[in-house]
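Working notes, structure below.
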Amino acid sequence: MKRAFPILAILTAILLAYGLYQALWVAPTEKTMGDVQRIFYYHVPSAWTAGVLFFANFLASIAYLVWRNTKADALAVASAEVGVVFCTIVLVTGPIWARPVWGIWWTWDLRLTLTLVLWLIYVSYLLLRRFSTSGQTPVIAAVLAIFGTLDIPLVYFSIWFFRTQHPQPVIGGGGSIDPRMLHAFFINLVAFTCFGILVCWLRFRLEVRRREFEETQALESLLEPRSVS
Amino acid sequence: MSYLYAAYIVTWLIHLGYIGTLVQRYSRLRREMQELEREP
Amino acid sequence: MTAGTLLTRVTLLKDLRLEWRSKDAINSMLFFALLVVVIFSFSFDPTAEESRRIAGGLIWVAFLFAAVVALNQTWARELRNQVLDAYRVSPAPANSLFLAKALGNFIFVAVLEALMTPLFIVFYNLRAVGPAYQLVAVALLGTWALVVNGTFFAAISLRTRSREIMLPLLLFPISIPALLAMVEATSSILTGEFSAKFWIVLLVAYDVVFTMASLFLFELVLNAE
(Lines give C-alpha, C1' and ligand atoms only; values in the text may rest on other atoms or scores of the structure.)
Protein backbone atom coordinates (compact mmCIF):
# COMPACT_ATOMS: atom_id res chain seq x y z
CA MET A 1 0.00 0.00 0.00
CA LYS A 2 2.83 2.38 0.89
CA ARG A 3 4.49 1.97 -2.48
CA ALA A 4 1.28 2.78 -4.32
CA PHE A 5 1.16 6.38 -3.10
CA PRO A 6 4.33 7.74 -4.76
CA ILE A 7 3.53 5.80 -7.92
CA LEU A 8 0.06 7.35 -8.07
CA ALA A 9 1.53 10.77 -7.31
CA ILE A 10 3.97 10.57 -10.21
CA LEU A 11 1.31 9.18 -12.54
CA THR A 12 -1.06 11.99 -11.57
CA ALA A 13 1.59 14.66 -12.10
CA ILE A 14 2.33 13.30 -15.57
CA LEU A 15 -1.35 13.08 -16.48
CA LEU A 16 -2.05 16.60 -15.23
CA ALA A 17 0.86 18.05 -17.16
CA TYR A 18 -0.11 16.14 -20.30
CA GLY A 19 -3.71 17.18 -19.80
CA LEU A 20 -2.70 20.82 -19.52
CA TYR A 21 -0.67 20.57 -22.72
CA GLN A 22 -3.58 18.91 -24.51
CA ALA A 23 -6.08 21.46 -23.21
CA LEU A 24 -4.12 24.56 -24.09
CA TRP A 25 -2.20 23.60 -27.23
CA VAL A 26 -3.35 20.40 -28.92
CA ALA A 27 -7.11 20.70 -28.73
CA PRO A 28 -8.49 22.87 -31.51
CA THR A 29 -10.16 26.19 -30.82
CA GLU A 30 -13.91 26.01 -30.53
CA LYS A 31 -15.94 27.56 -33.33
CA THR A 32 -18.47 29.69 -31.48
CA MET A 33 -16.86 30.39 -28.12
CA GLY A 34 -13.20 30.69 -28.99
CA ASP A 35 -10.36 29.90 -26.65
CA VAL A 36 -12.44 30.50 -23.51
CA GLN A 37 -14.05 27.15 -24.15
CA ARG A 38 -10.83 25.51 -22.96
CA ILE A 39 -12.01 26.17 -19.39
CA PHE A 40 -14.29 23.22 -20.10
CA TYR A 41 -11.29 20.89 -19.76
CA TYR A 42 -10.91 21.93 -16.13
CA HIS A 43 -14.50 22.77 -15.21
CA VAL A 44 -16.17 19.48 -16.09
CA PRO A 45 -13.48 17.06 -14.78
CA SER A 46 -13.57 18.97 -11.47
CA ALA A 47 -17.33 18.48 -11.30
CA TRP A 48 -16.95 14.78 -12.07
CA THR A 49 -14.26 14.37 -9.37
CA ALA A 50 -16.40 16.18 -6.81
CA GLY A 51 -19.23 13.78 -7.64
CA VAL A 52 -16.97 10.76 -7.23
CA LEU A 53 -15.75 12.05 -3.86
CA PHE A 54 -19.25 12.81 -2.60
CA PHE A 55 -20.33 9.33 -3.63
CA ALA A 56 -17.37 7.97 -1.67
CA ASN A 57 -18.61 9.97 1.32
CA PHE A 58 -22.03 8.36 0.96
CA LEU A 59 -20.57 4.85 0.86
CA ALA A 60 -18.19 5.56 3.74
CA SER A 61 -21.06 6.94 5.85
CA ILE A 62 -23.16 3.84 5.29
CA ALA A 63 -20.14 1.63 5.99
CA TYR A 64 -19.61 3.46 9.25
CA LEU A 65 -23.22 3.10 10.35
CA VAL A 66 -23.23 -0.61 9.56
CA TRP A 67 -19.79 -1.66 10.81
CA ARG A 68 -18.69 1.28 13.03
CA ASN A 69 -15.24 1.16 11.48
CA THR A 70 -13.34 4.34 12.39
CA LYS A 71 -11.38 4.24 9.15
CA ALA A 72 -14.67 4.48 7.27
CA ASP A 73 -15.50 7.61 9.21
CA ALA A 74 -12.06 9.08 8.47
CA LEU A 75 -12.73 8.45 4.78
CA ALA A 76 -16.09 10.18 5.09
CA VAL A 77 -14.48 13.34 6.48
CA ALA A 78 -11.66 13.29 3.94
CA SER A 79 -13.87 12.77 0.90
CA ALA A 80 -16.33 15.44 2.01
CA GLU A 81 -13.59 18.04 2.51
CA VAL A 82 -11.77 17.37 -0.75
CA GLY A 83 -15.12 17.14 -2.53
CA VAL A 84 -16.00 20.63 -1.33
CA VAL A 85 -12.65 21.91 -2.65
CA PHE A 86 -13.38 20.53 -6.11
CA CYS A 87 -16.95 21.76 -5.93
CA THR A 88 -15.68 25.25 -5.12
CA ILE A 89 -13.52 25.12 -8.23
CA VAL A 90 -16.54 24.22 -10.36
CA LEU A 91 -18.47 27.16 -8.90
CA VAL A 92 -15.59 29.56 -9.54
CA THR A 93 -14.65 28.43 -13.06
CA GLY A 94 -18.29 28.32 -14.15
CA PRO A 95 -18.89 32.08 -13.85
CA ILE A 96 -15.43 32.81 -15.29
CA TRP A 97 -16.53 30.83 -18.34
CA ALA A 98 -20.00 32.33 -18.46
CA ARG A 99 -18.93 35.96 -18.34
CA PRO A 100 -17.11 36.22 -21.68
CA VAL A 101 -19.45 33.80 -23.42
CA TRP A 102 -22.86 34.94 -22.21
CA GLY A 103 -22.06 38.30 -20.68
CA ILE A 104 -23.44 37.26 -17.30
CA TRP A 105 -21.61 35.93 -14.27
CA TRP A 106 -24.27 33.62 -13.02
CA THR A 107 -27.33 31.87 -14.31
CA TRP A 108 -29.60 29.62 -12.29
CA ASP A 109 -29.24 26.86 -14.84
CA LEU A 110 -29.52 23.21 -13.91
CA ARG A 111 -25.86 22.23 -13.63
CA LEU A 112 -24.56 25.31 -11.85
CA THR A 113 -27.49 25.46 -9.42
CA LEU A 114 -27.20 21.75 -8.67
CA THR A 115 -23.51 22.23 -7.96
CA LEU A 116 -24.29 25.14 -5.65
CA VAL A 117 -26.85 23.13 -3.69
CA LEU A 118 -24.40 20.22 -3.46
CA TRP A 119 -21.80 22.61 -2.15
CA LEU A 120 -24.24 23.96 0.45
CA ILE A 121 -25.21 20.49 1.63
CA TYR A 122 -21.64 19.30 2.10
CA VAL A 123 -20.49 22.53 3.71
CA SER A 124 -23.32 22.11 6.21
CA TYR A 125 -22.02 18.55 6.76
CA LEU A 126 -18.53 19.88 7.49
CA LEU A 127 -19.97 22.54 9.80
CA LEU A 128 -21.86 19.89 11.73
CA ARG A 129 -18.65 17.93 12.20
CA ARG A 130 -16.88 21.04 13.44
CA PHE A 131 -19.62 22.27 15.79
CA SER A 132 -20.71 18.97 17.21
CA THR A 133 -20.01 18.43 20.89
CA SER A 134 -21.30 14.90 20.94
CA GLY A 135 -19.04 11.91 21.50
CA GLN A 136 -20.92 10.23 18.68
CA THR A 137 -20.31 12.87 16.02
CA PRO A 138 -19.47 10.24 13.36
CA VAL A 139 -22.91 8.66 13.74
CA ILE A 140 -24.77 11.96 13.49
CA ALA A 141 -22.63 13.13 10.59
CA ALA A 142 -23.16 9.85 8.75
CA VAL A 143 -26.92 10.25 9.15
CA LEU A 144 -26.73 13.77 7.75
CA ALA A 145 -24.64 12.51 4.81
CA ILE A 146 -27.34 9.98 3.99
CA PHE A 147 -30.05 12.64 4.13
CA GLY A 148 -27.96 14.84 1.88
CA THR A 149 -27.42 12.12 -0.68
CA LEU A 150 -31.11 11.17 -0.71
CA ASP A 151 -31.86 14.80 -1.44
CA ILE A 152 -29.75 14.97 -4.59
CA PRO A 153 -32.17 13.37 -7.09
CA LEU A 154 -34.96 15.56 -5.69
CA VAL A 155 -32.80 18.65 -6.15
CA TYR A 156 -32.03 17.59 -9.71
CA PHE A 157 -35.65 17.10 -10.69
CA SER A 158 -36.88 20.25 -8.99
CA ILE A 159 -34.33 22.46 -10.74
CA TRP A 160 -34.81 20.61 -14.04
CA PHE A 161 -38.53 21.28 -14.05
CA PHE A 162 -38.02 24.84 -12.86
CA ARG A 163 -35.73 25.40 -15.82
CA THR A 164 -38.09 23.87 -18.37
CA GLN A 165 -40.78 26.25 -17.12
CA HIS A 166 -38.47 29.29 -17.03
CA PRO A 167 -35.76 28.67 -19.64
CA GLN A 168 -32.46 30.51 -19.47
CA PRO A 169 -29.01 30.27 -21.11
CA VAL A 170 -27.14 27.08 -20.34
CA ILE A 171 -23.49 27.14 -19.37
CA GLY A 172 -21.32 24.84 -21.41
CA GLY A 173 -24.00 23.61 -23.72
CA GLY A 174 -23.89 22.41 -27.32
CA GLY A 175 -21.03 22.89 -29.74
CA SER A 176 -19.45 20.33 -32.00
CA ILE A 177 -17.13 17.78 -30.45
CA ASP A 178 -13.92 17.30 -32.41
CA PRO A 179 -12.21 13.95 -31.56
CA ARG A 180 -9.11 15.87 -30.45
CA MET A 181 -11.29 17.79 -28.00
CA LEU A 182 -12.68 14.53 -26.68
CA HIS A 183 -9.15 13.20 -26.25
CA ALA A 184 -8.06 16.28 -24.29
CA PHE A 185 -11.22 16.04 -22.21
CA PHE A 186 -10.68 12.41 -21.25
CA ILE A 187 -7.03 12.92 -20.37
CA ASN A 188 -8.01 15.72 -18.01
CA LEU A 189 -10.91 13.69 -16.65
CA VAL A 190 -8.64 10.81 -15.67
CA ALA A 191 -5.93 13.21 -14.45
CA PHE A 192 -8.26 15.08 -12.12
CA THR A 193 -9.90 11.91 -10.83
CA CYS A 194 -6.45 10.60 -9.90
CA PHE A 195 -5.58 13.95 -8.38
CA GLY A 196 -8.77 13.93 -6.33
CA ILE A 197 -8.07 10.42 -5.07
CA LEU A 198 -4.50 11.44 -4.23
CA VAL A 199 -5.50 14.49 -2.18
CA CYS A 200 -8.28 12.54 -0.50
CA TRP A 201 -5.76 9.85 0.41
CA LEU A 202 -3.49 12.51 1.95
CA ARG A 203 -6.36 13.92 3.97
CA PHE A 204 -7.42 10.42 5.00
CA ARG A 205 -3.96 9.55 6.25
CA LEU A 206 -3.80 12.81 8.17
CA GLU A 207 -7.13 12.05 9.81
CA VAL A 208 -6.17 8.50 10.75
CA ARG A 209 -2.80 9.62 12.19
CA ARG A 210 -4.42 12.47 14.10
CA ARG A 211 -6.93 10.08 15.70
CA GLU A 212 -4.28 7.53 16.59
CA PHE A 213 -2.23 10.29 18.15
CA GLU A 214 -5.15 11.57 20.20
CA GLU A 215 -5.85 8.07 21.43
CA THR A 216 -2.22 7.66 22.45
CA GLN A 217 -2.32 11.05 24.12
CA ALA A 218 -5.41 10.12 26.10
CA LEU A 219 -3.92 6.80 27.19
CA GLU A 220 -0.66 8.42 28.24
CA SER A 221 -2.43 10.99 30.37
CA LEU A 222 -4.37 8.19 32.05
CA LEU A 223 -1.30 6.10 32.79
CA GLU A 224 0.92 8.98 33.83
CA PRO A 225 1.66 9.07 37.56
CA ARG A 226 0.55 12.49 38.76
CA SER A 227 2.89 14.20 41.16
CA VAL A 228 1.38 16.22 43.96
CA SER A 229 2.36 19.87 43.49
CA MET B 1 -7.99 35.13 -23.44
CA SER B 2 -7.33 36.45 -19.97
CA TYR B 3 -10.48 34.75 -18.67
CA LEU B 4 -9.03 31.39 -19.65
CA TYR B 5 -5.79 31.96 -17.76
CA ALA B 6 -7.70 33.37 -14.79
CA ALA B 7 -9.73 30.16 -14.58
CA TYR B 8 -6.72 27.88 -14.77
CA ILE B 9 -4.71 29.95 -12.30
CA VAL B 10 -7.58 30.15 -9.80
CA THR B 11 -8.05 26.39 -10.03
CA TRP B 12 -4.45 25.70 -9.14
CA LEU B 13 -4.39 28.41 -6.46
CA ILE B 14 -7.32 26.75 -4.70
CA HIS B 15 -5.74 23.31 -4.98
CA LEU B 16 -2.36 24.49 -3.76
CA GLY B 17 -4.02 26.45 -0.97
CA TYR B 18 -5.85 23.38 0.27
CA ILE B 19 -2.78 21.16 0.03
CA GLY B 20 -0.95 23.89 1.94
CA THR B 21 -3.41 23.61 4.81
CA LEU B 22 -2.89 19.83 4.78
CA VAL B 23 0.87 20.28 4.99
CA GLN B 24 0.36 22.72 7.87
CA ARG B 25 -1.82 20.23 9.74
CA TYR B 26 0.68 17.42 9.13
CA SER B 27 3.57 19.45 10.54
CA ARG B 28 1.51 20.46 13.56
CA LEU B 29 0.69 16.81 14.18
CA ARG B 30 4.35 15.83 13.85
CA ARG B 31 5.31 18.58 16.27
CA GLU B 32 2.76 17.39 18.83
CA MET B 33 3.91 13.80 18.44
CA GLN B 34 7.49 14.85 19.12
CA GLU B 35 6.41 16.76 22.22
CA LEU B 36 4.64 13.69 23.51
CA GLU B 37 7.76 11.61 22.94
CA ARG B 38 9.85 14.12 24.81
CA GLU B 39 7.70 14.37 27.92
CA PRO B 40 8.54 11.56 30.39
CA MET C 1 -52.99 0.09 21.65
CA THR C 2 -49.29 -0.62 21.42
CA ALA C 3 -46.75 1.18 23.56
CA GLY C 4 -45.65 3.05 20.45
CA THR C 5 -48.95 4.62 19.49
CA LEU C 6 -49.76 5.28 23.14
CA LEU C 7 -46.50 7.15 23.56
CA THR C 8 -47.13 9.14 20.41
CA ARG C 9 -50.61 10.11 21.49
CA VAL C 10 -49.63 10.97 25.06
CA THR C 11 -46.60 13.03 24.06
CA LEU C 12 -48.52 14.87 21.35
CA LEU C 13 -51.40 15.70 23.67
CA LYS C 14 -48.99 16.84 26.37
CA ASP C 15 -47.19 19.17 23.98
CA LEU C 16 -50.43 20.57 22.62
CA ARG C 17 -51.82 21.11 26.09
CA LEU C 18 -48.68 22.86 27.31
CA GLU C 19 -48.65 25.04 24.23
CA TRP C 20 -52.33 25.89 24.58
CA ARG C 21 -51.74 27.06 28.13
CA SER C 22 -48.65 29.18 27.51
CA LYS C 23 -49.07 29.98 23.80
CA ASP C 24 -45.31 30.66 23.78
CA ALA C 25 -44.39 29.21 20.44
CA ILE C 26 -47.47 30.32 18.55
CA ASN C 27 -47.16 33.92 19.72
CA SER C 28 -43.51 34.27 18.82
CA MET C 29 -44.06 32.55 15.47
CA LEU C 30 -47.02 34.77 14.65
CA PHE C 31 -45.20 37.95 15.52
CA PHE C 32 -42.10 36.90 13.62
CA ALA C 33 -44.07 36.03 10.49
CA LEU C 34 -45.89 39.35 10.71
CA LEU C 35 -42.60 41.24 10.96
CA VAL C 36 -41.27 39.42 7.91
CA VAL C 37 -44.39 40.32 5.93
CA VAL C 38 -44.20 43.99 6.91
CA ILE C 39 -40.50 44.27 6.09
CA PHE C 40 -41.05 42.64 2.72
CA SER C 41 -43.88 45.09 2.08
CA PHE C 42 -41.42 47.95 2.50
CA SER C 43 -39.04 46.36 0.00
CA PHE C 44 -41.59 45.57 -2.69
CA ASP C 45 -44.61 47.60 -3.59
CA PRO C 46 -46.21 45.33 -6.16
CA THR C 47 -49.21 45.82 -8.39
CA ALA C 48 -51.91 43.16 -8.21
CA GLU C 49 -50.41 41.38 -11.20
CA GLU C 50 -46.88 41.42 -9.82
CA SER C 51 -47.95 40.44 -6.34
CA ARG C 52 -49.46 37.22 -7.63
CA ARG C 53 -46.09 36.38 -9.12
CA ILE C 54 -43.97 37.07 -6.05
CA ALA C 55 -46.43 36.20 -3.28
CA GLY C 56 -45.50 32.52 -3.42
CA GLY C 57 -41.93 33.26 -2.51
CA LEU C 58 -42.80 35.82 0.17
CA ILE C 59 -45.34 33.62 1.89
CA TRP C 60 -43.11 30.60 2.09
CA VAL C 61 -40.08 32.57 3.26
CA ALA C 62 -42.19 34.03 6.06
CA PHE C 63 -43.54 30.58 6.99
CA LEU C 64 -40.07 29.05 6.80
CA PHE C 65 -38.56 31.55 9.21
CA ALA C 66 -41.51 31.24 11.56
CA ALA C 67 -41.30 27.44 11.41
CA VAL C 68 -37.64 27.61 12.45
CA VAL C 69 -38.76 29.45 15.60
CA ALA C 70 -41.08 26.57 16.43
CA LEU C 71 -38.56 23.90 15.48
CA ASN C 72 -35.82 25.34 17.64
CA GLN C 73 -37.88 24.82 20.77
CA THR C 74 -38.99 21.29 19.83
CA TRP C 75 -36.68 19.45 22.13
CA ALA C 76 -35.85 22.26 24.55
CA ARG C 77 -38.27 21.13 27.23
CA GLU C 78 -37.11 17.52 26.99
CA LEU C 79 -33.50 18.53 27.21
CA ARG C 80 -34.01 20.81 30.19
CA ASN C 81 -35.67 18.16 32.31
CA GLN C 82 -33.52 15.18 31.27
CA VAL C 83 -36.59 13.62 29.74
CA LEU C 84 -34.59 12.43 26.74
CA ASP C 85 -32.68 10.00 28.94
CA ALA C 86 -35.98 8.61 30.17
CA TYR C 87 -37.12 8.14 26.58
CA ARG C 88 -33.90 6.35 25.73
CA VAL C 89 -34.55 3.67 28.31
CA SER C 90 -38.26 3.35 27.66
CA PRO C 91 -39.34 0.25 25.74
CA ALA C 92 -41.38 2.28 23.25
CA PRO C 93 -39.75 2.72 19.85
CA ALA C 94 -37.93 5.99 19.28
CA ASN C 95 -40.10 6.61 16.26
CA SER C 96 -43.14 7.21 18.42
CA LEU C 97 -41.40 10.11 20.09
CA PHE C 98 -40.32 11.50 16.75
CA LEU C 99 -43.81 11.24 15.29
CA ALA C 100 -45.30 12.98 18.30
CA LYS C 101 -42.86 15.87 18.01
CA ALA C 102 -43.22 16.15 14.25
CA LEU C 103 -47.02 16.10 14.43
CA GLY C 104 -46.94 18.70 17.21
CA ASN C 105 -44.76 20.99 15.11
CA PHE C 106 -46.97 20.36 12.10
CA ILE C 107 -50.03 21.48 14.03
CA PHE C 108 -48.27 24.62 15.30
CA VAL C 109 -47.10 25.65 11.85
CA ALA C 110 -50.45 24.79 10.27
CA VAL C 111 -52.23 26.99 12.80
CA LEU C 112 -49.77 29.75 12.00
CA GLU C 113 -50.44 29.39 8.29
CA ALA C 114 -54.18 29.43 8.84
CA LEU C 115 -53.89 32.67 10.81
CA MET C 116 -51.43 34.35 8.44
CA THR C 117 -53.09 33.50 5.14
CA PRO C 118 -55.97 36.00 5.45
CA LEU C 119 -53.36 38.62 6.30
CA PHE C 120 -51.42 37.84 3.14
CA ILE C 121 -54.55 37.96 1.04
CA VAL C 122 -55.32 41.38 2.43
CA PHE C 123 -51.80 42.86 2.25
CA TYR C 124 -51.13 41.74 -1.30
CA ASN C 125 -54.67 41.75 -2.70
CA LEU C 126 -54.31 38.13 -3.65
CA ARG C 127 -56.80 36.22 -5.69
CA ALA C 128 -56.06 32.80 -7.08
CA VAL C 129 -56.45 32.61 -10.85
CA GLY C 130 -55.76 28.89 -10.91
CA PRO C 131 -57.45 26.10 -8.93
CA ALA C 132 -57.38 27.37 -5.34
CA TYR C 133 -58.13 24.01 -3.73
CA GLN C 134 -54.69 22.82 -4.82
CA LEU C 135 -53.23 25.42 -2.47
CA VAL C 136 -54.45 23.34 0.46
CA ALA C 137 -52.54 20.31 -0.83
CA VAL C 138 -49.42 22.42 -1.35
CA ALA C 139 -49.73 23.88 2.15
CA LEU C 140 -50.16 20.51 3.82
CA LEU C 141 -47.43 18.71 1.88
CA GLY C 142 -45.02 21.63 2.08
CA THR C 143 -45.51 22.14 5.80
CA TRP C 144 -44.92 18.45 6.47
CA ALA C 145 -41.74 18.59 4.34
CA LEU C 146 -40.34 21.43 6.45
CA VAL C 147 -41.50 20.00 9.75
CA VAL C 148 -40.33 16.41 9.29
CA ASN C 149 -36.79 17.40 8.39
CA GLY C 150 -36.83 20.30 10.83
CA THR C 151 -37.76 18.09 13.79
CA PHE C 152 -35.08 15.60 12.78
CA PHE C 153 -32.36 18.22 12.39
CA ALA C 154 -33.43 19.86 15.64
CA ALA C 155 -32.57 16.56 17.32
CA ILE C 156 -29.24 16.45 15.49
CA SER C 157 -28.48 20.02 16.56
CA LEU C 158 -29.04 19.23 20.24
CA ARG C 159 -25.42 18.22 20.71
CA THR C 160 -23.76 21.12 18.96
CA ARG C 161 -22.41 24.51 19.90
CA SER C 162 -24.62 27.32 18.54
CA ARG C 163 -27.61 25.04 18.54
CA GLU C 164 -30.05 27.66 17.28
CA ILE C 165 -28.03 28.54 14.21
CA MET C 166 -27.14 24.95 13.42
CA LEU C 167 -30.76 24.00 12.73
CA PRO C 168 -31.35 26.43 9.84
CA LEU C 169 -27.82 25.80 8.54
CA LEU C 170 -28.61 22.12 8.16
CA LEU C 171 -32.27 22.46 7.21
CA PHE C 172 -32.17 25.06 4.45
CA PRO C 173 -29.85 23.37 1.93
CA ILE C 174 -31.65 20.04 2.16
CA SER C 175 -35.06 21.71 1.96
CA ILE C 176 -34.25 23.49 -1.30
CA PRO C 177 -36.22 21.12 -3.58
CA ALA C 178 -39.22 21.29 -1.27
CA LEU C 179 -39.00 25.08 -1.00
CA LEU C 180 -38.68 25.44 -4.74
CA ALA C 181 -41.71 23.19 -5.19
CA MET C 182 -43.81 25.10 -2.64
CA VAL C 183 -42.95 28.49 -4.05
CA GLU C 184 -43.41 27.47 -7.67
CA ALA C 185 -46.64 25.61 -6.98
CA THR C 186 -48.10 28.59 -5.09
CA SER C 187 -47.05 31.00 -7.83
CA SER C 188 -48.41 28.70 -10.53
CA ILE C 189 -51.76 28.45 -8.81
CA LEU C 190 -52.00 32.16 -8.05
CA THR C 191 -51.04 33.33 -11.52
CA GLY C 192 -52.78 30.43 -13.26
CA GLU C 193 -49.97 30.35 -15.81
CA PHE C 194 -48.77 26.80 -15.28
CA SER C 195 -50.02 23.59 -13.77
CA ALA C 196 -48.82 22.87 -10.27
CA LYS C 197 -49.20 19.10 -10.72
CA PHE C 198 -45.49 18.32 -11.13
CA TRP C 199 -44.63 20.30 -8.01
CA ILE C 200 -47.30 18.57 -5.97
CA VAL C 201 -45.98 15.18 -7.09
CA LEU C 202 -42.45 16.28 -6.21
CA LEU C 203 -43.62 17.34 -2.74
CA VAL C 204 -45.27 13.95 -2.25
CA ALA C 205 -42.02 12.22 -3.27
CA TYR C 206 -39.99 14.48 -0.99
CA ASP C 207 -42.33 13.83 1.95
CA VAL C 208 -42.26 10.07 1.45
CA VAL C 209 -38.48 9.87 1.13
CA PHE C 210 -37.69 12.01 4.14
CA THR C 211 -40.42 10.69 6.40
CA MET C 212 -39.10 7.20 5.82
CA ALA C 213 -35.49 8.29 6.29
CA SER C 214 -36.34 10.13 9.52
CA LEU C 215 -38.30 7.22 10.97
CA PHE C 216 -35.57 4.81 10.01
CA LEU C 217 -32.64 6.81 11.37
CA PHE C 218 -34.11 8.66 14.35
CA GLU C 219 -33.19 5.99 16.84
CA LEU C 220 -29.49 6.43 16.00
CA VAL C 221 -29.71 10.15 16.60
CA LEU C 222 -31.69 9.82 19.83
CA ASN C 223 -29.14 7.45 21.29
CA ALA C 224 -26.12 9.53 20.27
CA GLU C 225 -24.91 10.94 23.51
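In the C-alpha coordinates, chains take the letters A, B, ... in the order shown, each chain's residues start at 1, and ligands count up from 1 in the order shown.
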Inset, instruction - Would you give me, as a PyMOL selection string, the residues of chain A that come within 8 Å of chain B, using only C-alpha atoms? - result: chain A and resi 35-39+42+85+89+92-93+96-97+100+199+202-203+206+210+213+217
Could those residues be written to a file, using N, CA and C atoms, as a tab-separated table (two decimals), in the first residue's frame?
chain	number	residue	atom	x	y	z
A	35	ASP	N	-11.28	30.57	-27.56
A	35	ASP	CA	-10.36	29.90	-26.65
A	35	ASP	C	-10.93	29.72	-25.24
A	36	VAL	N	-11.88	30.58	-24.87
A	36	VAL	CA	-12.44	30.50	-23.51
A	36	VAL	C	-13.03	29.11	-23.25
A	37	GLN	N	-13.45	28.47	-24.29
A	37	GLN	CA	-14.05	27.15	-24.15
A	37	GLN	C	-13.11	26.17	-23.47
A	38	ARG	N	-11.81	26.45	-23.55
A	38	ARG	CA	-10.83	25.51	-22.96
A	38	ARG	C	-11.00	25.36	-21.45
A	39	ILE	N	-11.72	26.30	-20.83
A	39	ILE	CA	-12.01	26.17	-19.39
A	39	ILE	C	-12.77	24.86	-19.15
A	42	TYR	N	-11.13	21.92	-17.57
A	42	TYR	CA	-10.91	21.93	-16.13
A	42	TYR	C	-12.22	21.90	-15.36
A	85	VAL	N	-13.69	21.15	-1.94
A	85	VAL	CA	-12.65	21.91	-2.65
A	85	VAL	C	-12.91	21.86	-4.16
A	89	ILE	N	-14.16	24.82	-6.95
A	89	ILE	CA	-13.52	25.12	-8.23
A	89	ILE	C	-14.54	25.14	-9.36
A	92	VAL	N	-16.38	28.38	-9.18
A	92	VAL	CA	-15.59	29.56	-9.54
A	92	VAL	C	-15.32	29.59	-11.04
A	93	THR	N	-14.97	28.43	-11.62
A	93	THR	CA	-14.65	28.43	-13.06
A	93	THR	C	-15.91	28.60	-13.91
A	96	ILE	N	-16.52	32.26	-14.46
A	96	ILE	CA	-15.43	32.81	-15.29
A	96	ILE	C	-15.64	32.42	-16.75
A	97	TRP	N	-16.22	31.28	-16.98
A	97	TRP	CA	-16.53	30.83	-18.34
A	97	TRP	C	-17.75	31.59	-18.87
A	100	PRO	N	-17.44	35.84	-20.31
A	100	PRO	CA	-17.11	36.22	-21.68
A	100	PRO	C	-18.06	35.63	-22.71
A	199	VAL	N	-5.32	13.52	-3.26
A	199	VAL	CA	-5.50	14.49	-2.18
A	199	VAL	C	-6.38	13.90	-1.08
A	202	LEU	N	-4.30	11.71	1.04
A	202	LEU	CA	-3.49	12.51	1.95
A	202	LEU	C	-4.31	12.93	3.16
A	203	ARG	N	-5.49	13.45	2.89
A	203	ARG	CA	-6.36	13.92	3.97
A	203	ARG	C	-6.77	12.76	4.87
A	206	LEU	N	-3.92	11.80	7.12
A	206	LEU	CA	-3.80	12.81	8.17
A	206	LEU	C	-4.82	12.54	9.27
A	210	ARG	N	-3.98	11.52	13.07
A	210	ARG	CA	-4.42	12.47	14.10
A	210	ARG	C	-5.22	11.72	15.16
A	213	PHE	N	-3.01	9.48	17.23
A	213	PHE	CA	-2.23	10.29	18.15
A	213	PHE	C	-3.08	10.69	19.35
A	217	GLN	N	-2.40	9.94	23.18
A	217	GLN	CA	-2.32	11.05	24.12
A	217	GLN	C	-3.22	10.80	25.32
Inset, instruction - With a distance cut-off of 12 Å and only C-alpha atoms, select the neighbouring residues of stretch 119-124 of chain A, excluding the residue or stretch itself and same-chain residues fewer than 5 positions from it, and output the selection as an NGL selection string. - result: (:A and (47 or 50-51 or 53-55 or 57-58 or 76-92 or 112-114 or 129-132 or 141-142 or 144-152 or 155)) or (:C and (153 or 157 or 165-176))
Inset, instruction - Mind checking which residues fall within 7 Å of C:Gly142, counting only C-alpha atoms, ignoring those fewer than 2 positions away in the same chain, and posting them as a ChimeraX atom specification? - result: /C:138-140,144-146,178,182,203
Inset, instruction - Pick out the chain C residues within 8 Å of chain A. Count only C-alpha atoms. Give them as a PyMOL selection string. - result: chain C and resi 156-157+159-162+166+169-170+173-174+176-177+180-181+184+199+202+206+209-210+213+217+220-221+224-225
Inset, instruction - Could you jot down the atom CA of A:Leu59 to atom CA of C:Ala205 separation for me, Å, one decimal place? - result: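 According to the coordinates, atom CA of A:Leu59 and atom CA of C:Ala205 are separated by 23.1 Å.
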Inset, instruction - Report the residues of stretch 4-225 of chain C whose backbone DSSP state falls under alpha helix (DSSP H), written as number ranges by chain. - result: C: 4-22, 24-43, 48-72, 76-80, 83-89, 94-124, 133-157, 163-191, 197-223
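Each of A:Met181, A:Ala98, A:Leu198, A:Ala74 was checked against A:Trp25 using only C-alpha atoms; the smallest atom-to-atom distance is that of A:Met181.
Taking atom CA of C:Val89 and atom CA of C:Ile107 as endpoints, the distance between them is 27.6 Å.
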Inset, instruction - Between atom CA of C:Lys14 and atom CA of C:Thr211, measure the distance and give it in Å to one decimal. - result: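 Atom-to-atom, atom CA of C:Lys14 to atom CA of C:Thr211, that is 22.6 Å.
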